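All remarks here apply to the structure that follows.
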Amino acid sequence: MLTVTIDDRTVRVPEGTTILEAARLAGIVIPTLCYRDGCRPETSCLVCVVRVDRGNRLVPACATKVSDDMTVESETPEVLAARKTALELLLGDHLGDCLGPCHTVCPARMDIPRMIRHIATGEMDEAARVVLEHIPIPSILGRICPAPCEKACRRGDVDSPVAIKLLKRFVGDYLLGRETPRPVHCRPESGKRVAIVGAGPAGLSAAWYLRRMGHACTIIDDRPEPGGMLRYGVTEDALPPRVLDGEVGAILAAGVELRSGVRVGADLPLAALRDEFDAVVLATGDPAQGTGVGVEIIPERATHETGLPGVFVAGSALTPSRSAVRAVGSGRSAALAVNEFLHGRAPKGEQRPYTVRMGRLSPEELAEFAADTPKHGRINPSAGEALGFLDEEAKAEADRCLHCDCAGLEKCALRLWGMKYGADLRNWSGNERTFRRETSHPNLIYEPGKCIACGLCVQIAEGEREAMGLSFIGRGFDLRVGAPLGADMREAISGLALECAQACPTGALVYVHQPVPIRTSPDTEASESA
């Protein structure tokens, strides 16, 4: 047996053990991309490098054998910097969007492609679940939102953007038309109480998400009816009262208390609110330095905090805007910050999602990207926009989506480690690959632009003695995996599609005929489980 010390932890291992294997026995996580148990080390990604015996050279942990009395350092500044650089080089050569352009520009950060997938397959309860993760008033926003997502929609470069706003409204109207109440899925009661000043879109959003996190919420508003700018600044033709009342009512029905006709600052001092509640959210719609509560408050935009402990700001009171969807996003972000505060952690709001963007495609690339989608243009509701889509119209419009988001996002180790190490996507940009998508295999999608040439799928096919298998094609920076002799993926790996897709550390190989898990926002997941 050999003795090795890794980050001040000593472990005894058999001869022939690698540093990576020893680290795992010691409970130390070293990142890997091109490594897989049972496969020979390729040492191509270099994200597993470590420092040995305090030398000046870094070595790959996956292929370096332990020697007796070896000292290994896996967390030194130079090791971390080397891993970050390796990840940035791989990400800079990555041709694919982690998140769809529509998703990244949505002020509420809603997972639009996931919603659209569920509409296309008729899974309306799942579509509603996706929407409610980020937007508690979809029927309202489906009527008045300026739809920045549609301006970013890549389908617009083919013919016209997907009707995202109408599809969101379709989901909202489905929820309003249900015989059973809207699902809430609240965490257990926390025992904490939050006051939200203002019953507009920011306040309603903050209340919905704080309630889901298990906190008791009370909305206080100076108007006789809730809704704020939605009720008093939008015409009834654009937003029918039944829709407004229905969605506001669904939020209140989740257990949110409403105190109407109370002006904070005049009728109720802010100090009294702070005494009564564990936290206060100011969502009054006033500019940042004049919230109407009798106290000058200058908020911190990133965290929604103010100079008063436990007092937060959301919506136009934080960032002046007349956009309801921005107010909804701000309300949710404030709820996340308040939740952190109530659990004794440093408050932070919604974080910008980590994503690689492949930018504008050439006409030839775009044609390949859209090859498997319907050729028909944008569908207009047959009964008129005032009534919205019929079921079949919504499904047909949803089918037009190009699904720019990565189908392998859930398992992409490249993105996971990129986020962990703070890899800056701008440091090594310069991707010159051409987008290509191979769909010859009945169960597999292969996008060579996402391949990091780890060779795992090559080894799997080789070990199982596939008749043709896979091989490395090209040289240097152009090296990629593919089927040899001009064959297609169906011929190369007829029976190993699932295993190869599971081994792929990026979204280059995706198995398409298996259930896709619901994607939950990491911020919501972390906050609601606290």
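Here's how to read the names in the structure tokens: chain A, B, ... by the order shown, residue numbers from 1 in each chain, ligand numbers from 1 in the order shown.
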
Notebook entry, point to check: Residues at most 10 Å from region 332-344 of chain A, counting only C-alpha atoms, excluding those fewer than 6 positions away in the same chain, as a VMD selection string?
Noted result: chain A and resid 108 to 109 133 to 136 190 192 to 194 202 to 215 278 to 283 301 to 305 309 to 315 326 350 to 351 523 to 524 526 to 528 530

Item checked: DSSP alpha helix (DSSP H) residues within region 408-461 of chain A, listed as a list in words ->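 So, restricting region 408-461 of chain A to alpha helix (DSSP H), we get Ala413, Leu414, Arg415, Leu416, Trp417, Gly418, Met419, Lys420, Leu456, Cys457, Val458, Gln459, Ile460 and Ala461 of chain A.
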
Checklist line | Atomic distance CA of Leu141 (chain A) - CA of Gly261 (chain A), expressed in Å with one decimal | finding: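 Between CA of Leu141 (chain A) and CA of Gly261 (chain A) the gap works out to 25.4 Å.
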
Next item on the list: Enumerate as an MDAnalysis selection string all residues of region 318-481 of chain A assigned to strand (DSSP E) by DSSP on the backbone, naming them with the chain letters and numbers the document uses.
Entry: chainID A and resid 444:446 471:473 480:481

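Using only C-alpha atoms, the protein and nucleic acid residues lying no more than 12 Å from Ala386 (chain A), apart from those fewer than 5 places from it along its own chain, are A:Gly142, A:Arg143, A:Ile144, A:Leu166, A:Arg169, A:Phe170, A:Glu236, A:Asp237, A:Ala238, A:Leu239, A:Pro240, A:Asn380, A:Pro381.
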
Region 14-38 of chain A residues near region 500-513 of chain A within 12 Å, closest pair each, using only C-alpha atoms, as a Markdown table:
| residue | atom | partner | partner_atom | distance |
| --- | --- | --- | --- | --- |
| A:Pro31 | CA | A:Pro505 | CA | 11.5 |
| A:Thr32 | CA | A:Pro505 | CA | 8.9 |
| A:Leu33 | CA | A:Pro505 | CA | 5.7 |
| A:Cys34 | CA | A:Pro505 | CA | 7.3 |
| A:Tyr35 | CA | A:Pro505 | CA | 9.1 |
| A:Arg36 | CA | A:Ala503 | CA | 7.5 |
| A:Asp37 | CA | A:Ala503 | CA | 10.1 |
| A:Gly38 | CA | A:Ala503 | CA | 11.4 |

Check: Quick one: residues within 7 Å of region 394-409 of chain A, only C-alpha atoms counted, chain neighbours fewer than 5 positions away excluded, as a ChimeraX atom specification?
Finding: /A:97-100,113,116,119-120,155,162,167,370,373-374,378-379,389,506-507,510

Generate the output file for the selected residues, N, CA and C atoms, as a CSV table (one decimal), in the first residue's frame.
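As a result, selection_13.csv now contains:
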chain,number,residue,atom,x,y,z
A,97,ASP,N,-26.0,27.2,-28.0
A,97,ASP,CA,-26.6,28.0,-27.0
A,97,ASP,C,-26.9,27.1,-25.8
A,98,CYS,N,-26.4,27.4,-24.6
A,98,CYS,CA,-26.9,26.7,-23.4
A,98,CYS,C,-28.4,27.0,-23.2
A,99,LEU,N,-28.8,28.2,-23.2
A,99,LEU,CA,-30.1,28.7,-23.1
A,99,LEU,C,-30.6,29.3,-24.4
A,100,GLY,N,-31.8,29.2,-24.7
A,100,GLY,CA,-32.3,29.8,-26.0
A,100,GLY,C,-32.2,31.4,-25.9
A,113,PRO,N,-38.4,27.9,-24.0
A,113,PRO,CA,-38.4,26.7,-24.9
A,113,PRO,C,-39.0,25.5,-24.1
A,116,ILE,N,-42.7,25.8,-24.4
A,116,ILE,CA,-43.2,25.5,-25.7
A,116,ILE,C,-43.2,24.0,-26.0
A,119,ILE,N,-46.3,22.6,-24.5
A,119,ILE,CA,-47.5,22.9,-25.3
A,119,ILE,C,-47.6,22.1,-26.5
A,120,ALA,N,-46.5,21.8,-27.2
A,120,ALA,CA,-46.5,21.1,-28.4
A,120,ALA,C,-47.0,19.6,-28.2
A,155,ARG,N,-36.2,32.0,-34.9
A,155,ARG,CA,-37.1,31.6,-36.0
A,155,ARG,C,-37.4,32.9,-36.8
A,162,VAL,N,-41.7,32.9,-33.4
A,162,VAL,CA,-42.7,32.2,-32.7
A,162,VAL,C,-43.6,33.1,-31.9
A,167,LEU,N,-48.6,32.2,-26.8
A,167,LEU,CA,-48.5,30.9,-26.2
A,167,LEU,C,-48.4,31.0,-24.7
A,370,ALA,N,-33.0,24.6,-38.9
A,370,ALA,CA,-34.5,24.6,-39.0
A,370,ALA,C,-35.0,23.4,-39.8
A,373,THR,N,-38.1,21.3,-38.6
A,373,THR,CA,-39.3,22.0,-38.1
A,373,THR,C,-40.2,22.3,-39.2
A,374,PRO,N,-41.5,22.5,-38.9
A,374,PRO,CA,-42.5,22.7,-39.9
A,374,PRO,C,-42.2,24.0,-40.8
A,378,ARG,N,-45.9,31.9,-39.2
A,378,ARG,CA,-46.6,32.1,-37.9
A,378,ARG,C,-48.1,32.0,-38.1
A,379,ILE,N,-48.7,31.4,-37.1
A,379,ILE,CA,-50.1,31.1,-37.1
A,379,ILE,C,-50.8,32.3,-36.3
A,389,PHE,N,-55.4,31.6,-29.1
A,389,PHE,CA,-55.3,30.3,-29.8
A,389,PHE,C,-56.3,29.3,-29.4
A,506,THR,N,-20.7,16.9,-22.7
A,506,THR,CA,-21.3,18.2,-23.2
A,506,THR,C,-22.7,17.8,-23.9
A,507,GLY,N,-23.3,18.7,-24.6
A,507,GLY,CA,-24.5,18.3,-25.3
A,507,GLY,C,-24.3,17.9,-26.7
A,510,VAL,N,-26.9,13.6,-27.7
A,510,VAL,CA,-28.1,13.7,-26.9
A,510,VAL,C,-29.1,12.5,-27.3

Next item on the list: Kindly give the distance, in Å, that separates CA of Tyr354 (chain A) and CA of Leu91 (chain A), rounded to a single decimal.
Entry: 11.7 Å
